[in-house]
$ cat target_24.cif   # mmCIF, C-alpha atoms and all ligand atoms
data_query
loop_
_atom_site.label_atom_id
_atom_site.label_comp_id
_atom_site.auth_asym_id
_atom_site.auth_seq_id
_atom_site.Cartn_x
_atom_site.Cartn_y
_atom_site.Cartn_z
CA MET N 1 4.84 8.08 -22.15
CA SER N 2 4.60 9.62 -18.70
CA VAL N 3 3.73 7.42 -15.72
CA GLN N 4 0.45 9.33 -15.27
CA GLU N 5 -0.65 7.99 -18.66
CA TYR N 6 -0.44 4.33 -17.57
CA PRO N 7 -3.91 2.84 -16.93
CA LEU N 8 -3.66 3.26 -13.14
CA GLY N 9 -1.13 6.10 -13.11
CA ILE N 10 0.39 6.85 -9.73
CA SER N 11 -1.05 6.88 -6.23
CA PHE N 12 0.41 7.97 -2.91
CA GLU N 13 -0.15 6.50 0.54
CA PHE N 14 -0.09 8.46 3.83
CA PHE N 15 -0.51 7.52 7.47
CA PRO N 16 -2.71 9.60 9.80
CA PRO N 17 -0.43 11.93 11.78
CA ASN N 18 -1.05 12.24 15.51
CA THR N 19 0.46 15.66 16.20
CA GLN N 20 -0.25 19.15 14.88
CA VAL N 21 3.27 19.32 13.47
CA GLY N 22 2.63 16.07 11.62
CA ARG N 23 -0.69 17.36 10.27
CA ASP N 24 0.90 20.61 9.04
CA LYS N 25 3.68 18.67 7.37
CA LEU N 26 1.18 16.38 5.66
CA VAL N 27 -0.61 19.37 4.12
CA MET N 28 2.69 20.40 2.49
CA THR N 29 3.44 16.83 1.40
CA ARG N 30 -0.07 16.45 -0.03
CA ASP N 31 0.23 19.68 -2.04
CA ALA N 32 3.66 18.80 -3.38
CA LEU N 33 2.49 15.34 -4.47
CA ALA N 34 -0.88 16.56 -5.82
CA SER N 35 1.10 18.55 -8.39
CA ARG N 36 2.08 15.23 -10.05
CA GLN N 37 -1.59 14.38 -10.76
CA PRO N 38 -2.01 11.11 -8.86
CA ARG N 39 -5.09 8.97 -9.55
CA PHE N 40 -5.68 8.86 -5.79
CA PHE N 41 -4.22 9.30 -2.31
CA SER N 42 -4.79 6.67 0.36
CA VAL N 43 -4.67 6.84 4.16
CA THR N 44 -3.80 3.87 6.38
CA TYR N 45 -6.01 2.54 9.17
CA GLY N 46 -4.80 1.09 12.48
CA ALA N 47 -5.76 -2.47 13.36
CA GLY N 48 -8.76 -2.82 15.66
CA GLY N 49 -10.01 0.62 14.58
CA SER N 50 -7.25 2.34 16.56
CA THR N 51 -6.98 5.20 14.04
CA GLN N 52 -10.62 5.23 12.91
CA LYS N 53 -11.21 8.93 13.68
CA ARG N 54 -7.75 10.07 12.61
CA THR N 55 -7.96 8.14 9.34
CA LEU N 56 -11.23 9.85 8.49
CA SER N 57 -10.04 13.33 9.48
CA THR N 58 -6.84 12.76 7.47
CA VAL N 59 -8.90 11.68 4.45
CA ARG N 60 -10.95 14.89 4.78
CA SER N 61 -7.83 17.03 4.99
CA VAL N 62 -5.96 15.28 2.20
CA ARG N 63 -8.82 15.47 -0.29
CA GLU N 64 -9.01 19.25 0.09
CA SER N 65 -6.29 19.04 -2.56
CA GLY N 66 -8.99 17.98 -5.03
CA ILE N 67 -7.50 14.48 -5.37
CA THR N 68 -9.73 11.43 -4.70
CA THR N 69 -8.72 9.95 -1.35
CA ALA N 70 -9.30 6.35 -0.27
CA PRO N 71 -9.18 5.26 3.36
CA HIS N 72 -7.79 1.84 4.23
CA LEU N 73 -10.01 -0.36 6.39
CA SER N 74 -8.74 -3.37 8.34
CA CYS N 75 -10.96 -5.99 9.96
CA VAL N 76 -8.79 -7.72 12.55
CA GLY N 77 -9.97 -7.03 16.11
CA SER N 78 -13.23 -5.42 14.93
CA GLU N 79 -16.81 -6.55 15.16
CA LYS N 80 -19.16 -6.44 12.18
CA ALA N 81 -21.31 -3.76 13.81
CA MET N 82 -18.33 -1.43 14.07
CA LEU N 83 -17.20 -2.12 10.49
CA ARG N 84 -20.75 -1.43 9.32
CA GLU N 85 -20.70 1.91 11.12
CA VAL N 86 -17.37 2.84 9.53
CA LEU N 87 -18.65 1.94 6.06
CA THR N 88 -21.75 4.09 6.65
CA GLN N 89 -19.55 6.98 7.76
CA PHE N 90 -17.36 6.59 4.66
CA ARG N 91 -20.43 6.70 2.42
CA GLU N 92 -21.83 9.74 4.22
CA ASP N 93 -18.50 11.42 3.58
CA GLY N 94 -18.80 10.74 -0.14
CA ILE N 95 -15.99 8.19 -0.14
CA ASP N 96 -16.30 5.62 -2.92
CA SER N 97 -13.00 3.75 -2.89
CA LEU N 98 -11.10 1.99 -0.11
CA VAL N 99 -8.25 -0.43 0.54
CA ALA N 100 -9.50 -3.52 2.43
CA LEU N 101 -7.05 -5.41 4.64
CA ARG N 102 -6.93 -7.92 7.41
CA GLY N 103 -4.43 -5.83 9.40
CA ASP N 104 -2.12 -7.05 12.16
CA LEU N 105 -3.06 -6.91 15.82
CA PRO N 106 -0.45 -5.06 17.87
CA SER N 107 0.96 -7.11 20.75
CA GLY N 108 -1.19 -6.62 23.80
CA MET N 109 -4.43 -6.48 21.79
CA SER N 110 -6.47 -9.65 21.81
CA GLY N 111 -9.44 -11.07 19.91
CA ILE N 112 -9.39 -11.42 16.15
CA GLY N 113 -12.88 -9.90 15.80
CA ASP N 114 -15.71 -11.15 13.57
CA LEU N 115 -13.73 -11.43 10.34
CA GLY N 116 -10.49 -13.39 10.26
CA TYR N 117 -9.14 -12.62 6.78
CA ALA N 118 -9.32 -9.95 4.12
CA ASN N 119 -11.44 -12.12 1.79
CA GLU N 120 -14.14 -12.10 4.48
CA LEU N 121 -13.88 -8.31 4.75
CA VAL N 122 -14.26 -7.88 0.98
CA GLU N 123 -17.30 -10.18 1.06
CA PHE N 124 -18.75 -8.21 3.97
CA ILE N 125 -18.26 -4.86 2.19
CA ARG N 126 -19.93 -6.21 -0.96
CA ASP N 127 -22.84 -7.66 1.07
CA GLU N 128 -23.33 -4.41 2.95
CA THR N 129 -22.74 -1.86 0.22
CA GLY N 130 -23.02 -3.65 -3.15
CA ASP N 131 -20.94 -1.98 -5.83
CA HIS N 132 -20.62 1.35 -4.06
CA PHE N 133 -16.89 1.07 -3.33
CA GLU N 134 -13.96 0.42 -5.61
CA ILE N 135 -12.05 -2.07 -3.43
CA ALA N 136 -8.29 -2.54 -3.51
CA VAL N 137 -6.63 -5.35 -1.53
CA GLY N 138 -3.04 -6.23 -0.59
CA ALA N 139 -0.83 -8.64 -2.58
CA TYR N 140 2.50 -10.23 -1.64
CA PRO N 141 4.85 -11.06 -4.54
CA GLU N 142 7.41 -12.41 -2.06
CA SER N 143 4.68 -14.22 -0.08
CA HIS N 144 2.95 -12.95 3.06
CA PRO N 145 5.17 -13.52 6.14
CA GLN N 146 2.57 -15.79 7.80
CA ALA N 147 1.70 -17.76 4.66
CA GLU N 148 1.65 -21.54 5.08
CA SER N 149 3.30 -21.78 1.64
CA PHE N 150 3.67 -19.73 -1.54
CA GLU N 151 0.97 -21.81 -3.23
CA ARG N 152 -1.51 -21.46 -0.35
CA ASP N 153 -0.88 -17.71 -0.28
CA LEU N 154 -1.68 -17.51 -4.00
CA GLN N 155 -4.92 -19.45 -3.44
CA HIS N 156 -5.94 -17.13 -0.61
CA PHE N 157 -5.12 -14.14 -2.80
CA VAL N 158 -7.31 -15.49 -5.62
CA ARG N 159 -10.15 -16.08 -3.14
CA LYS N 160 -9.83 -12.47 -1.97
CA MET N 161 -10.00 -11.14 -5.54
CA ASN N 162 -12.97 -13.37 -6.34
CA ALA N 163 -14.80 -12.03 -3.29
CA GLY N 164 -15.16 -8.77 -5.22
CA ALA N 165 -11.92 -6.77 -5.15
CA ASN N 166 -11.32 -4.48 -8.14
CA LEU N 167 -7.56 -4.22 -7.90
CA ALA N 168 -4.59 -5.20 -5.77
CA ILE N 169 -1.66 -3.19 -4.47
CA THR N 170 1.46 -5.11 -3.55
CA GLN N 171 3.65 -5.03 -0.50
CA TYR N 172 6.90 -3.31 -1.46
CA PHE N 173 9.75 -5.35 -2.89
CA PHE N 174 13.10 -4.62 -4.55
CA ASN N 175 13.19 -7.53 -6.94
CA ALA N 176 11.12 -6.83 -10.08
CA ASP N 177 11.11 -10.52 -11.04
CA SER N 178 9.12 -11.41 -7.92
CA TYR N 179 6.36 -9.08 -9.16
CA PHE N 180 6.41 -10.44 -12.72
CA HIS N 181 6.34 -14.02 -11.41
CA PHE N 182 3.43 -13.26 -9.05
CA VAL N 183 1.41 -11.60 -11.81
CA GLU N 184 2.03 -14.51 -14.17
CA ARG N 185 0.96 -17.04 -11.53
CA VAL N 186 -2.26 -15.28 -10.55
CA ARG N 187 -3.19 -14.62 -14.20
CA ALA N 188 -2.88 -18.38 -14.75
CA LEU N 189 -5.31 -18.81 -11.83
CA GLY N 190 -7.84 -16.56 -13.56
CA VAL N 191 -7.27 -13.18 -11.85
CA GLU N 192 -7.67 -10.43 -14.44
CA ALA N 193 -7.77 -7.36 -12.18
CA PRO N 194 -4.84 -4.90 -12.20
CA ILE N 195 -2.01 -5.57 -9.75
CA VAL N 196 -0.20 -2.35 -8.91
CA PRO N 197 3.34 -2.56 -7.47
CA GLY N 198 3.77 -0.88 -4.08
CA ILE N 199 6.97 1.18 -4.04
CA MET N 200 8.98 2.10 -0.94
CA PRO N 201 11.49 4.92 -1.49
CA ILE N 202 14.80 4.28 0.31
CA THR N 203 15.79 7.01 2.75
CA ASN N 204 17.04 5.36 5.92
CA TYR N 205 18.67 1.96 6.27
CA SER N 206 17.82 1.00 9.86
CA LYS N 207 14.12 1.89 9.49
CA LEU N 208 13.94 0.08 6.17
CA ALA N 209 15.60 -3.04 7.65
CA ARG N 210 13.15 -3.05 10.58
CA PHE N 211 10.09 -2.61 8.35
CA SER N 212 11.29 -5.20 5.89
CA ASP N 213 11.86 -7.79 8.62
CA ALA N 214 8.35 -7.22 9.91
CA CYS N 215 6.55 -7.37 6.57
CA GLY N 216 8.66 -10.03 4.87
CA ALA N 217 10.14 -7.82 2.13
CA GLU N 218 13.60 -8.96 1.10
CA ILE N 219 16.37 -6.38 0.83
CA PRO N 220 18.80 -7.84 -1.72
CA ARG N 221 22.35 -8.27 -0.42
CA TRP N 222 23.84 -5.75 -2.87
CA ILE N 223 21.43 -3.06 -1.65
CA ARG N 224 21.96 -3.95 2.01
CA LYS N 225 25.75 -3.92 1.68
CA GLN N 226 25.76 -0.58 -0.08
CA LEU N 227 23.42 1.00 2.47
CA GLU N 228 25.48 -0.39 5.35
CA ALA N 229 28.59 1.10 3.81
CA TYR N 230 26.99 4.56 3.76
CA SER N 231 26.33 4.28 7.50
CA ASP N 232 24.81 7.64 8.55
CA ASP N 233 25.71 9.52 5.35
CA SER N 234 22.08 10.38 4.56
CA GLU N 235 22.88 12.23 1.32
CA SER N 236 24.56 9.19 -0.19
CA ILE N 237 21.72 6.94 0.98
CA ALA N 238 19.16 9.27 -0.61
CA ALA N 239 21.09 9.44 -3.91
CA PHE N 240 21.61 5.67 -4.05
CA GLY N 241 17.98 5.04 -3.04
CA GLU N 242 16.71 7.38 -5.73
CA GLU N 243 18.71 5.61 -8.41
CA VAL N 244 17.76 2.07 -7.31
CA ILE N 245 14.05 2.83 -6.92
CA SER N 246 13.81 4.83 -10.16
CA LEU N 247 15.34 1.92 -12.09
CA LEU N 248 13.01 -0.54 -10.35
CA CYS N 249 9.96 1.58 -11.28
CA GLN N 250 11.07 1.93 -14.88
CA ARG N 251 11.60 -1.80 -15.17
CA LEU N 252 8.18 -2.54 -13.68
CA LEU N 253 6.42 -0.16 -16.06
CA ASP N 254 8.38 -1.41 -19.06
CA GLY N 255 7.43 -4.96 -18.06
CA GLY N 256 3.70 -4.26 -17.97
CA ALA N 257 2.85 -2.85 -14.51
CA PRO N 258 -0.36 -0.79 -14.86
CA GLY N 259 0.81 1.99 -12.52
CA LEU N 260 2.69 2.55 -9.25
CA HIS N 261 1.58 3.07 -5.64
CA PHE N 262 4.09 4.86 -3.40
CA TYR N 263 4.45 4.33 0.35
CA THR N 264 5.40 7.94 1.03
CA LEU N 265 5.68 7.76 4.85
CA ASN N 266 4.28 11.32 4.65
CA GLN N 267 7.45 12.64 2.97
CA ALA N 268 7.23 14.28 -0.44
CA GLU N 269 10.85 14.62 -1.55
CA PRO N 270 12.02 11.00 -2.03
CA THR N 271 8.82 10.04 -3.90
CA LEU N 272 8.85 13.21 -6.06
CA LYS N 273 12.42 12.54 -7.17
CA VAL N 274 11.56 9.02 -8.29
CA VAL N 275 8.33 10.10 -10.02
CA ASP N 276 10.17 12.87 -11.86
CA ASN N 277 12.93 10.49 -12.95
CA ILE N 278 10.49 8.06 -14.50
CA THR N 279 8.34 10.79 -15.99
CA GLY N 280 11.18 12.72 -17.51
P1 LIG N 301 -5.03 -11.61 4.15
O1 LIG N 301 -5.29 -11.46 2.67
O2 LIG N 301 -6.19 -11.90 5.00
O3 LIG N 301 -3.84 -12.60 4.35
C1 LIG N 301 -3.20 -12.74 5.60
C2 LIG N 301 -2.57 -14.12 5.75
O4 LIG N 301 -3.58 -15.11 5.94
C3 LIG N 301 -1.76 -14.59 4.56
O5 LIG N 301 -0.69 -15.35 5.05
C4 LIG N 301 -2.72 -15.48 3.77
O6 LIG N 301 -2.05 -16.49 3.03
C5 LIG N 301 -3.58 -16.07 4.87
N1 LIG N 301 -4.99 -16.20 4.50
C6 LIG N 301 -5.71 -15.33 3.76
N2 LIG N 301 -7.00 -15.74 3.66
C7 LIG N 301 -7.07 -16.90 4.36
C8 LIG N 301 -8.15 -17.78 4.65
N3 LIG N 301 -9.38 -17.55 4.18
N4 LIG N 301 -7.88 -18.89 5.41
C9 LIG N 301 -6.63 -19.12 5.90
N5 LIG N 301 -5.57 -18.29 5.66
C10 LIG N 301 -5.81 -17.19 4.90
N6 LIG N 301 -2.15 -2.88 7.76
C11 LIG N 301 -2.88 -2.09 8.57
O7 LIG N 301 -3.07 -2.43 9.75
N7 LIG N 301 -3.40 -0.90 8.14
C12 LIG N 301 -3.24 -0.48 6.85
O8 LIG N 301 -3.73 0.58 6.48
C13 LIG N 301 -2.50 -1.31 5.95
N8 LIG N 301 -2.32 -0.96 4.66
C14 LIG N 301 -1.73 -1.83 3.79
C15 LIG N 301 -1.70 -1.53 2.42
C16 LIG N 301 -1.14 -2.42 1.50
C17 LIG N 301 -1.16 -2.08 0.04
C18 LIG N 301 -0.58 -3.65 1.97
C19 LIG N 301 0.04 -4.62 0.99
C20 LIG N 301 -0.58 -3.95 3.31
C21 LIG N 301 -1.16 -3.07 4.25
N9 LIG N 301 -1.25 -3.35 5.60
C22 LIG N 301 -1.96 -2.53 6.45
C23 LIG N 301 -0.61 -4.56 6.15
C24 LIG N 301 -1.56 -5.76 6.18
O9 LIG N 301 -2.63 -5.50 7.06
C25 LIG N 301 -0.75 -6.96 6.66
O10 LIG N 301 0.16 -7.34 5.68
C26 LIG N 301 -1.58 -8.14 7.13
O11 LIG N 301 -0.68 -9.06 7.78
C27 LIG N 301 -2.25 -8.91 6.02
O12 LIG N 301 -3.27 -8.23 5.50
P2 LIG N 301 -4.02 -8.79 4.16
O13 LIG N 301 -5.22 -8.00 3.99
O14 LIG N 301 -3.09 -8.90 3.04
O15 LIG N 301 -4.41 -10.26 4.72
#
$ encode --input "target_24.cif" --output "structure tokens"
Amino acid sequence: MSVQEYPLGISFEFFPPNTQVGRDKLVMTRDALASRQPRFFSVTYGAGGSTQKRTLSTVRSVRESGITTAPHLSCVGSEKAMLREVLTQFREDGIDSLVALRGDLPSGMSGIGDLGYANELVEFIRDETGDHFEIAVGAYPESHPQAESFERDLQHFVRKMNAGANLAITQYFFNADSYFHFVERVRALGVEAPIVPGIMPITNYSKLARFSDACGAEIPRWIRKQLEAYSDDSESIAAFGEEVISLLCQRLLDGGAPGLHFYTLNQAEPTLKVVDNITG
């Protein structure tokens, strides 16, 4: 069975580029990835509304491919009036799915805004717009980096789902068991909605290490050691990354994952290779 036939198939995430070169590149990436029939594309949103306009213009450009495109929306640093305006704009643009997040305030920005956590944002979206949007939220199989404890994080996650989310997409991880354990735990707490693994292709060790430190994703020692050994041999890193991530995806699907969401970083090639390995 091809990955597109799983209940939630595949989806691809982009960030809004801020240069013309970046925008041109994203059009090529979008077209290359659209050929693999994703269920949707999504476009990230900067905390405090910092990318509000660019997120929307990127959504408009990306969906010219004919693929449904969901903006992300984060609440930290924003007032309700502004979030209301953004939701109205999304609806006027014919958008009917989004990814709702708390977000992280960049250093230097102050004020958490009117809504402190993603469960409050989900509640707000439901209060304002009823069932208009399909809402996805974030999930953290290895625990959110600021969580008071694994158990408290699970409780907060359940609260967020119960506020009206339709599905969850996880932070990326390299250990399939952390995903299976998370799903088992939240099912026991009554969450029935699909939980889609977020997948980060491996293309560059130093960037990956930096990202992973910031978002609390663990790079297993055997992967770290191997990537360190390749140093700046980018071909070997790409080949190793493709193999590791393809096996991870296959294991997740074989173990019951309903689909896969790829953090593409606006690059087509590494994601395409993995998708084609698991489809073939
Ligand atoms: P929450 O669910 O609000 O959780 C944040 C922390 O607070 C956790 O430690 C949780 O345990 C705790 N918590 C939750 N609810 C409560 C409560 N009611 N009371 C007390 N504590 C609570 N960031 C962006 O800025 N833009 C994006 O576009 C973006 N896209 C993302 C997409 C995905 C799929 C994922 C997984 C993450 C994304 N992020 C994005 C990153 C995300 O914003 C950060 O991980 C952020 O730190 C947490 O967001 P959240 O919505 O998961 O937060």
$ closest_residue --input "target_24.cif" --among "N:Ile202, N:Leu73, N:Leu83, N:Leu253" --to "N:Leu265" --atoms "only C-alpha atoms"
N:Ile202
$ closest_residue --input "target_24.cif" --among "N:Ala147, N:Val76, N:Ile135, N:Met161" --to "N:Ile112" --atoms "only C-alpha atoms"
N:Val76
$ axis_aligned_box --input "target_24.cif" --around "ligand LIG 301 (chain N)" --padding-each-side "6 Å" --output "AutoDock Vina command-line options"
--center_x -4.6 --center_y -9.3 --center_z 4.9 --size_x 21.5 --size_y 31.7 --size_z 21.7
$ closest_residue --input "target_24.cif" --among "N:Ala214, N:Thr88, N:Leu101, N:Thr44" --to "N:Gln146" --atoms "all atoms listed in the file"
N:Ala214
$ residues_near_ligand --input "target_24.cif" --ligand "ligand LIG 301 (chain N)" --cutoff "7 Å" --atoms "only C-alpha atoms and all ligand atoms" --output "PyMOL selection string"
chain N and resi 43-47+72-74+99-104+116-119+137-140+144-148+152-153+156-157+160+169-171+198+215
$ closest_residue --input "target_24.cif" --among "N:Gly9, N:Pro71, N:Gly111, N:Gly22" --to "N:Gln52" --atoms "all atoms listed in the file"
N:Pro71
$ atom_distance --input "target_24.cif" --atom1 "atom CA of N:Ser78" --atom2 "atom CA of N:Phe14"
22.1 Å
$ atom_distance --input "target_24.cif" --atom1 "atom CA of N:Thr29" --atom2 "atom CA of N:Arg210"
24.0 Å
$ atom_distance --input "target_24.cif" --atom1 "atom CA of N:Cys249" --atom2 "atom CA of N:Val274"
8.2 Å
$ residues_around --input "target_24.cif" --residues "N:Ser42" --least-positions-apart "5" --cutoff "6 Å" --atoms "only C-alpha atoms" --output "mmCIF file with C-alpha atoms, keeping the file's coordinate frame"
data_model
loop_
_atom_site.group_PDB
_atom_site.id
_atom_site.type_symbol
_atom_site.label_atom_id
_atom_site.label_comp_id
_atom_site.auth_asym_id
_atom_site.auth_seq_id
_atom_site.Cartn_x
_atom_site.Cartn_y
_atom_site.Cartn_z
ATOM 1 C CA GLU N 13 -0.150 6.500 0.540
ATOM 2 C CA THR N 69 -8.720 9.950 -1.350
ATOM 3 C CA ALA N 70 -9.300 6.350 -0.270
ATOM 4 C CA PRO N 71 -9.180 5.260 3.360
#
